[in-house]
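Heads up, coords_37.csv below (CSV, C-alpha atoms):
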chain,number,residue,atom,x,y,z
M,96,MET,CA,127.7,87.7,92.4
M,97,LYS,CA,124.2,88.2,91.0
M,98,ARG,CA,121.1,86.1,90.5
M,99,THR,CA,119.2,86.1,87.2
M,100,GLN,CA,115.4,86.1,87.3
M,101,THR,CA,112.4,86.9,85.1
M,102,LEU,CA,110.6,90.1,86.0
M,103,LEU,CA,107.6,88.3,87.4
M,104,ALA,CA,109.7,86.4,90.0
M,105,THR,CA,111.8,89.4,90.8
M,106,VAL,CA,109.1,91.9,91.5
M,107,VAL,CA,107.1,89.4,93.6
M,108,ALA,CA,110.1,88.8,95.7
M,109,ALA,CA,110.8,92.5,96.1
M,110,SER,CA,107.3,93.1,97.3
M,111,LEU,CA,107.9,91.0,100.5
M,112,SER,CA,110.4,93.5,101.9
M,113,ALA,CA,108.9,96.8,100.9
M,114,THR,CA,107.4,99.4,103.2
M,115,ALA,CA,104.5,101.8,102.6
M,116,HIS,CA,105.2,105.4,101.6
M,117,SER,CA,103.0,108.4,102.3
M,118,GLN,CA,102.6,111.4,100.0
M,119,THR,CA,100.5,114.5,100.3
M,120,ARG,CA,97.3,114.7,98.2
M,121,THR,CA,96.7,117.8,96.3
M,122,THR,CA,93.7,119.0,94.3
M,123,SER,CA,93.3,119.6,90.6
M,124,GLN,CA,94.0,123.0,89.0
M,125,GLY,CA,91.3,124.9,87.2
M,126,ASN,CA,90.7,125.5,83.6
M,127,GLY,CA,93.3,126.9,81.2
M,128,PRO,CA,95.4,125.9,78.1
M,129,ALA,CA,97.3,122.7,78.6
M,130,LYS,CA,100.5,123.7,77.0
M,131,ASN,CA,102.7,121.7,79.4
M,132,VAL,CA,103.8,118.1,79.3
M,133,VAL,CA,106.0,116.3,81.8
M,134,LEU,CA,107.6,113.0,80.7
M,135,VAL,CA,108.7,110.3,83.2
M,136,HIS,CA,110.9,107.4,82.1
M,137,GLY,CA,110.9,103.9,83.5
M,138,ALA,CA,113.4,101.4,84.8
M,139,PHE,CA,116.6,100.6,82.9
M,140,ALA,CA,116.4,103.8,80.9
M,141,ASP,CA,116.8,107.6,81.4
M,142,GLY,CA,115.1,110.7,80.1
M,143,SER,CA,117.0,110.8,76.8
M,144,GLY,CA,114.8,108.1,75.4
M,145,TRP,CA,112.0,110.6,75.2
M,146,ARG,CA,113.9,112.7,72.5
M,147,GLY,CA,111.6,111.7,69.6
M,148,VAL,CA,108.5,112.4,71.6
M,149,TYR,CA,110.0,115.7,72.8
M,150,ASP,CA,110.8,116.8,69.3
M,151,GLU,CA,107.2,115.9,68.1
M,152,LEU,CA,105.6,117.8,71.0
M,153,THR,CA,107.7,120.9,70.9
M,154,ARG,CA,107.0,121.2,67.2
M,155,ARG,CA,103.3,121.2,68.1
M,156,GLY,CA,103.7,124.0,70.6
M,157,TYR,CA,104.0,122.2,73.9
M,158,ARG,CA,106.4,123.1,76.7
M,159,VAL,CA,108.0,119.8,77.6
M,160,THR,CA,109.9,118.9,80.7
M,161,ILE,CA,111.7,115.5,81.1
M,162,VAL,CA,112.2,114.0,84.5
M,163,GLN,CA,115.4,112.2,85.4
M,164,ASN,CA,114.3,109.5,87.9
M,165,PRO,CA,117.1,108.4,90.3
M,166,LEU,CA,115.3,104.9,90.4
M,167,THR,CA,116.4,104.6,94.0
M,168,SER,CA,112.9,104.5,95.6
M,169,LEU,CA,109.3,105.4,94.8
M,170,ASP,CA,109.7,108.4,97.2
M,171,ASP,CA,112.7,109.7,95.3
M,172,ASP,CA,111.2,109.3,91.9
M,173,VAL,CA,108.0,110.9,93.0
M,174,ALA,CA,110.0,113.8,94.5
M,175,ALA,CA,111.9,114.3,91.2
M,176,THR,CA,108.5,114.3,89.3
M,177,ARG,CA,107.0,116.8,91.7
M,178,ARG,CA,110.0,119.1,91.3
M,179,ALA,CA,109.3,119.1,87.6
M,180,LEU,CA,105.6,119.7,88.1
M,181,ASP,CA,106.3,122.6,90.5
M,182,ARG,CA,108.1,124.4,87.7
M,183,GLN,CA,105.1,124.2,85.3
M,184,ASP,CA,103.2,127.4,84.6
M,185,GLY,CA,99.7,125.9,84.2
M,186,PRO,CA,97.7,122.8,83.5
M,187,THR,CA,100.0,119.8,82.6
M,188,ILE,CA,99.7,116.4,81.0
M,189,LEU,CA,101.8,113.9,83.0
M,190,VAL,CA,103.2,110.9,81.0
M,191,GLY,CA,104.9,107.8,82.3
M,192,HIS,CA,106.5,104.8,80.6
M,193,SER,CA,106.7,101.4,82.3
M,194,TRP,CA,107.8,101.9,86.0
M,195,GLY,CA,107.1,105.6,85.3
M,196,GLY,CA,103.4,104.7,85.3
M,197,THR,CA,103.6,103.9,89.0
M,198,VAL,CA,105.4,107.2,89.6
M,199,ILE,CA,102.8,109.3,87.8
M,200,THR,CA,100.0,107.4,89.5
M,201,GLU,CA,101.4,108.6,92.9
M,202,ALA,CA,102.7,112.1,91.8
M,203,GLY,CA,99.7,112.9,89.5
M,204,VAL,CA,97.6,114.2,92.3
M,205,HIS,CA,99.7,117.4,92.0
M,206,SER,CA,97.5,120.4,91.4
M,207,SER,CA,98.9,121.2,87.9
M,208,VAL,CA,98.1,117.8,86.5
M,209,VAL,CA,94.9,117.6,84.4
M,210,GLY,CA,95.5,114.3,82.6
M,211,LEU,CA,97.7,111.1,82.7
M,212,VAL,CA,99.1,109.2,79.8
M,213,TYR,CA,100.4,105.7,80.5
M,214,VAL,CA,102.9,104.3,77.9
M,215,SER,CA,103.1,100.5,78.2
M,216,ALA,CA,103.1,101.3,81.9
M,217,LEU,CA,102.2,100.0,85.3
M,218,ILE,CA,99.0,101.4,86.7
M,219,PRO,CA,98.6,100.4,90.4
M,220,ASP,CA,95.8,101.6,92.7
M,221,ALA,CA,96.2,103.3,96.1
M,222,GLY,CA,97.2,100.7,98.6
M,223,GLU,CA,98.7,98.4,95.9
M,224,SER,CA,102.3,97.8,94.9
M,225,SER,CA,103.7,97.5,91.4
M,226,ALA,CA,104.5,93.8,92.1
M,227,GLN,CA,100.8,93.1,92.8
M,228,GLN,CA,99.9,94.0,89.2
M,229,TYR,CA,101.7,90.9,87.9
M,230,GLU,CA,99.6,88.5,90.0
M,231,GLY,CA,97.5,86.1,87.8
M,232,PHE,CA,99.1,87.1,84.5
M,233,ALA,CA,101.6,85.2,82.4
M,234,ALA,CA,105.3,85.4,83.0
M,235,THR,CA,107.6,87.2,80.4
M,236,PRO,CA,110.6,84.9,80.0
M,237,GLU,CA,112.4,87.2,77.5
M,238,PHE,CA,112.5,90.1,80.0
M,239,VAL,CA,115.2,89.0,82.3
M,240,ILE,CA,116.6,91.0,85.3
M,241,ASP,CA,119.9,90.4,87.0
M,242,THR,CA,119.5,91.4,90.6
M,243,HIS,CA,122.8,92.4,92.3
M,244,GLU,CA,124.0,92.1,95.8
M,245,ASP,CA,123.3,95.8,96.5
M,246,GLY,CA,119.6,95.2,95.7
M,247,PHE,CA,119.6,97.0,92.3
M,248,GLY,CA,118.6,95.3,89.2
M,249,SER,CA,119.6,95.6,85.5
M,250,LEU,CA,118.4,93.9,82.4
M,251,SER,CA,120.4,90.8,81.4
M,252,LEU,CA,122.8,91.9,78.7
M,253,PRO,CA,122.3,88.8,76.4
M,254,HIS,CA,118.5,89.3,76.7
M,255,PHE,CA,118.3,93.1,76.5
M,256,GLN,CA,117.4,93.6,72.8
M,257,SER,CA,114.9,90.7,72.6
M,258,GLY,CA,113.2,91.6,75.9
M,259,PHE,CA,113.3,95.4,75.8
M,260,ALA,CA,113.8,96.8,72.3
M,261,HIS,CA,113.6,94.2,69.5
M,262,ASP,CA,112.4,96.8,67.0
M,263,VAL,CA,115.5,99.1,67.2
M,264,SER,CA,118.8,98.6,65.3
M,265,ASP,CA,121.5,96.4,66.7
M,266,ALA,CA,123.7,99.4,67.3
M,267,ASP,CA,121.0,101.4,69.1
M,268,ALA,CA,120.1,98.3,71.2
M,269,ALA,CA,123.7,97.9,72.2
M,270,PHE,CA,123.9,101.5,73.3
M,271,MET,CA,120.7,101.3,75.3
M,272,ARG,CA,121.9,98.0,76.9
M,273,ASP,CA,125.2,99.5,77.9
M,274,SER,CA,123.8,102.8,79.2
M,275,GLN,CA,120.8,101.3,81.1
M,276,VAL,CA,120.2,102.7,84.6
M,277,PRO,CA,119.7,100.1,87.3
M,278,ILE,CA,116.7,100.3,89.6
M,279,SER,CA,116.3,99.5,93.3
M,280,MET,CA,114.2,96.3,93.2
M,281,SER,CA,112.5,97.2,96.5
M,282,VAL,CA,110.5,99.8,94.6
M,283,PHE,CA,108.2,97.2,93.1
M,284,GLY,CA,107.0,96.2,96.6
M,285,THR,CA,106.2,99.8,97.7
M,286,ARG,CA,102.5,100.4,98.2
M,287,LEU,CA,101.1,103.6,96.8
M,288,THR,CA,99.2,106.2,98.9
M,289,ASN,CA,97.5,107.9,95.9
M,290,ALA,CA,96.0,106.8,92.6
M,291,ALA,CA,95.7,109.9,90.5
M,292,TRP,CA,93.7,108.1,87.8
M,293,ARG,CA,90.8,107.8,90.2
M,294,ALA,CA,90.3,111.6,90.1
M,295,LYS,CA,91.8,112.6,86.7
M,296,PRO,CA,91.3,111.3,83.1
M,297,SER,CA,93.8,108.9,81.7
M,298,TRP,CA,95.0,107.5,78.3
M,299,ALA,CA,97.1,104.5,77.6
M,300,VAL,CA,99.4,103.5,74.8
M,301,ILE,CA,99.8,99.7,74.7
M,302,ALA,CA,102.7,98.2,72.7
M,303,THR,CA,101.3,94.9,71.3
M,304,GLU,CA,104.8,93.4,71.0
M,305,ASP,CA,105.8,94.3,74.6
M,306,LYS,CA,107.9,91.5,76.1
M,307,ALA,CA,108.1,93.1,79.6
M,308,PHE,CA,104.4,92.7,80.4
M,309,ASP,CA,101.7,90.2,79.6
M,310,GLN,CA,99.3,91.9,77.1
M,311,ALA,CA,96.3,90.9,79.3
M,312,MET,CA,98.0,92.6,82.2
M,313,LEU,CA,98.5,95.9,80.3
M,314,VAL,CA,94.8,95.8,79.1
M,315,HIS,CA,93.5,95.0,82.6
M,316,MET,CA,95.4,97.9,84.2
M,317,ALA,CA,94.3,100.4,81.5
M,318,GLU,CA,90.7,99.3,81.5
M,319,ARG,CA,90.5,99.4,85.3
M,320,ALA,CA,91.8,103.0,85.2
M,321,GLY,CA,89.2,103.9,82.6
M,322,ALA,CA,92.0,104.9,80.2
M,323,ARG,CA,91.3,105.6,76.5
M,324,ILE,CA,93.5,102.9,74.9
M,325,THR,CA,95.7,103.2,71.7
M,326,ARG,CA,97.4,100.1,70.5
M,327,VAL,CA,100.5,100.1,68.4
M,328,ALA,CA,102.9,97.3,67.1
M,329,ALA,CA,106.0,98.0,69.1
M,330,SER,CA,108.4,96.6,71.7
M,331,HIS,CA,108.6,97.8,75.3
M,332,ALA,CA,110.7,100.7,73.9
M,333,VAL,CA,107.6,102.1,72.3
M,334,PHE,CA,108.4,105.5,73.9
M,335,MET,CA,111.4,105.6,71.6
M,336,THR,CA,110.3,103.6,68.5
M,337,GLN,CA,106.8,105.1,68.1
M,338,PRO,CA,107.2,108.8,69.0
M,339,THR,CA,104.5,110.0,66.7
M,340,VAL,CA,101.9,107.6,68.1
M,341,VAL,CA,102.9,108.6,71.7
M,342,ALA,CA,102.8,112.3,70.9
M,343,ASP,CA,99.4,111.9,69.1
M,344,THR,CA,98.0,110.3,72.3
M,345,ILE,CA,99.4,113.1,74.5
M,346,ASP,CA,97.9,115.7,72.1
M,347,ARG,CA,94.6,113.9,72.3
M,348,ALA,CA,94.8,113.8,76.1
M,349,ALA,CA,95.3,117.6,76.2
M,350,SER,CA,92.3,118.1,73.9
M,351,GLU,CA,90.0,115.6,75.5
M,352,ALA,CA,90.7,116.9,79.0
M,353,GLY,CA,88.6,119.8,77.8
M,354,LEU,CA,91.6,122.0,77.1
M,355,LYS,CA,93.2,123.5,74.0
M,356,VAL,CA,96.9,123.7,73.4
M,357,GLY,CA,98.4,127.1,73.3
M,358,ARG,CA,100.4,127.2,70.0
M,359,ARG,CA,103.6,129.1,69.8
Write the structure described by the file as structure tokens, please.
Amino acid sequence: MKRTQTLLATVVAASLSATAHSQTRTTSQGNGPAKNVVLVHGAFADGSGWRGVYDELTRRGYRVTIVQNPLTSLDDDVAATRRALDRQDGPTILVGHSWGGTVITEAGVHSSVVGLVYVSALIPDAGESSAQQYEGFAATPEFVIDTHEDGFGSLSLPHFQSGFAHDVSDADAAFMRDSQVPISMSVFGTRLTNAAWRAKPSWAVIATEDKAFDQAMLVHMAERAGARITRVAASHAVFMTQPTVVADTIDRAASEAGLKVGRR
């Protein structure tokens, strides 16, 4: 059996049973060429969705690493991201889509990270949960989550394309729908220990046709973080459908963080 809910109702319910997680704060690394980019995917997806951004960035001379989040807890996803950051050989731009924004906010205190890029992403503060970000903003009725008895959620199959990726082909939407990765719904109630954006510069790509988040919510989070905002007409799958815009923003982040990219 399963119960079907909109995202707003689901994450608020999940927040009631979550526990706080502690992570170790690290300090920022010194100057040097930012040739590294680490990409962190969100819920209901995996790292393969970054292929277009990966191709754009590697053509521009970046070394790109893609995290595969287990989506089992905030701790687990942060640990996966930290493992990727530990493998970098210098200053790094850390990028997160959707739930991945929460992950990079916690993991971004890593010493290699010099800038954060949020791609239609959650941006909580230290002491806040992801669920709290929805409070006071409009519901998103087209973004429907089926929560299963094991506590994991997946996007409703009939609503997947309209809610997540209305700007991809029917065939691509069907593949994304049928290959989606469920997420433990308890993650939305986990409070963060760190907010990397308070110490490091940030940028945000906001998809203006995103059905997962109220536009006012996306803008509020980005502005609170002091992020430089780029808007683009796209669905929640903006990380897939607008790879050049996302790559341009990452490129700008590397430059505006006071660093130059080492070309190969």
Find, counting only C-alpha atoms, the residue in M:Ser249, M:Gln310, M:Ser274, M:Gln183 that gets nearest to M:Leu217.
M:Gln310
Nearest residue to M:Asp245 out of M:Phe259, M:Gly191, M:Thr167, M:Ser224, using only C-alpha atoms?
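The answer is M:Thr167, which sits nearest to M:Asp245.
The space separating atom CA of M:Thr197 from atom CA of M:Phe270 comes to 25.8 Å.
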Could you give me, as a list in words, the residues within 8 Å of stretch 336-351 of chain M, counting only C-alpha atoms and dropping anything in the same chain fewer than 2 positions from it?
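Here the qualifying residues turn out to be Ala129, Gly147, Val148, Glu151, Leu152, Ile188, Val190, Gly210, Leu211, Val212, Val214, Asp262, Val263, Ser297, Trp298, Ala299, Val300, Thr325, Val327, Ala329, Ser330, Ala332, Val333, Phe334, Gly353, Leu354, Lys355 and Val356 of chain M.
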Within 9 Å of M:Trp145, counting all atoms listed in the file, which residues show up once you throw out same-chain ones fewer than 5 positions away? Write them as an mmCIF file with C-alpha atoms, in the frame of the given file, please.
data_model
loop_
_atom_site.group_PDB
_atom_site.id
_atom_site.type_symbol
_atom_site.label_atom_id
_atom_site.label_comp_id
_atom_site.auth_asym_id
_atom_site.auth_seq_id
_atom_site.Cartn_x
_atom_site.Cartn_y
_atom_site.Cartn_z
ATOM 1 C CA LEU M 134 107.600 113.000 80.700
ATOM 2 C CA VAL M 135 108.700 110.300 83.200
ATOM 3 C CA HIS M 136 110.900 107.400 82.100
ATOM 4 C CA ASP M 150 110.800 116.800 69.300
ATOM 5 C CA ILE M 161 111.700 115.500 81.100
ATOM 6 C CA PHE M 334 108.400 105.500 73.900
ATOM 7 C CA MET M 335 111.400 105.600 71.600
ATOM 8 C CA PRO M 338 107.200 108.800 69.000
#
For each of M:Gly284, M:Gln256, M:Thr187, M:Ser215, take the minimum atom-to-atom distance to M:Ala352, counting only C-alpha atoms, then give the residue where this is smallest.
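Closest residue, counting only C-alpha atoms: M:Thr187.
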Distance criterion (all atoms listed in the file): nearest to M:Ile199 out of M:Ala291, M:Met312, M:Asp267, M:Asn131:
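Smallest distance to M:Ile199 is found for M:Ala291.
The shortest atom-to-atom distance to M:Ile324, with all atoms listed in the file taken into account, belongs to M:Ala216 out of M:Thr285, M:Ala268, M:Ala216, M:Ser225.
Interatomic distance, atom CA of M:Lys295 against atom CA of M:Gln227: 22.3 Å.
Pairwise distance (atom CA of M:Asp171, atom CA of M:Ile301) equals 26.3 Å.
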Quick one: residues within 8 Å of M:Ser257, only C-alpha atoms counted, chain neighbours fewer than 3 positions away excluded, as a PyMOL selection string?
chain M and resi 237-238+254+260-261+306
Output stretch 242-257 of chain M with N, CA, C and O atoms present, as a tab-separated table (two decimals), keeping the file's coordinate frame.
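File produced: rebuild-v4.tsv:
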chain	number	residue	atom	x	y	z
M	242	THR	N	119.61	90.68	89.37
M	242	THR	CA	119.50	91.40	90.60
M	242	THR	C	120.89	91.24	91.35
M	242	THR	O	121.33	90.12	91.59
M	243	HIS	N	121.49	92.36	91.69
M	243	HIS	CA	122.80	92.40	92.30
M	243	HIS	C	122.79	92.42	93.78
M	243	HIS	O	121.75	92.66	94.38
M	244	GLU	N	123.94	92.21	94.39
M	244	GLU	CA	124.00	92.10	95.80
M	244	GLU	C	123.57	93.41	96.54
M	244	GLU	O	123.13	93.39	97.69
M	245	ASP	N	123.68	94.54	95.86
M	245	ASP	CA	123.30	95.80	96.50
M	245	ASP	C	121.78	96.06	96.37
M	245	ASP	O	121.30	97.11	96.80
M	246	GLY	N	121.05	95.10	95.80
M	246	GLY	CA	119.60	95.20	95.70
M	246	GLY	C	119.12	95.95	94.46
M	246	GLY	O	117.90	96.11	94.27
M	247	PHE	N	120.03	96.36	93.60
M	247	PHE	CA	119.60	97.00	92.30
M	247	PHE	C	119.60	95.96	91.23
M	247	PHE	O	120.38	95.00	91.23
M	248	GLY	N	118.70	96.17	90.29
M	248	GLY	CA	118.60	95.30	89.20
M	248	GLY	C	118.85	95.93	87.85
M	248	GLY	O	118.57	97.13	87.67
M	249	SER	N	119.40	95.18	86.91
M	249	SER	CA	119.60	95.60	85.50
M	249	SER	C	119.17	94.53	84.60
M	249	SER	O	119.13	93.35	84.99
M	250	LEU	N	118.84	94.88	83.39
M	250	LEU	CA	118.40	93.90	82.40
M	250	LEU	C	119.60	93.02	81.98
M	250	LEU	O	120.69	93.54	81.72
M	251	SER	N	119.37	91.73	81.87
M	251	SER	CA	120.40	90.80	81.40
M	251	SER	C	120.94	91.26	80.06
M	251	SER	O	120.18	91.54	79.13
M	252	LEU	N	122.24	91.36	79.97
M	252	LEU	CA	122.80	91.90	78.70
M	252	LEU	C	122.50	91.01	77.51
M	252	LEU	O	122.13	91.54	76.46
M	253	PRO	N	122.59	89.66	77.60
M	253	PRO	CA	122.30	88.80	76.40
M	253	PRO	C	120.79	88.94	76.00
M	253	PRO	O	120.46	88.71	74.84
M	254	HIS	N	119.91	89.27	76.95
M	254	HIS	CA	118.50	89.30	76.70
M	254	HIS	C	117.94	90.71	76.42
M	254	HIS	O	116.75	90.88	76.16
M	255	PHE	N	118.81	91.72	76.51
M	255	PHE	CA	118.30	93.10	76.50
M	255	PHE	C	117.51	93.41	75.23
M	255	PHE	O	116.38	93.87	75.30
M	256	GLN	N	118.09	93.16	74.07
M	256	GLN	CA	117.40	93.60	72.80
M	256	GLN	C	116.11	92.80	72.65
M	256	GLN	O	115.08	93.39	72.32
M	257	SER	N	116.12	91.50	72.85
M	257	SER	CA	114.90	90.70	72.60
M	257	SER	C	113.82	91.05	73.64
M	257	SER	O	112.63	91.07	73.32
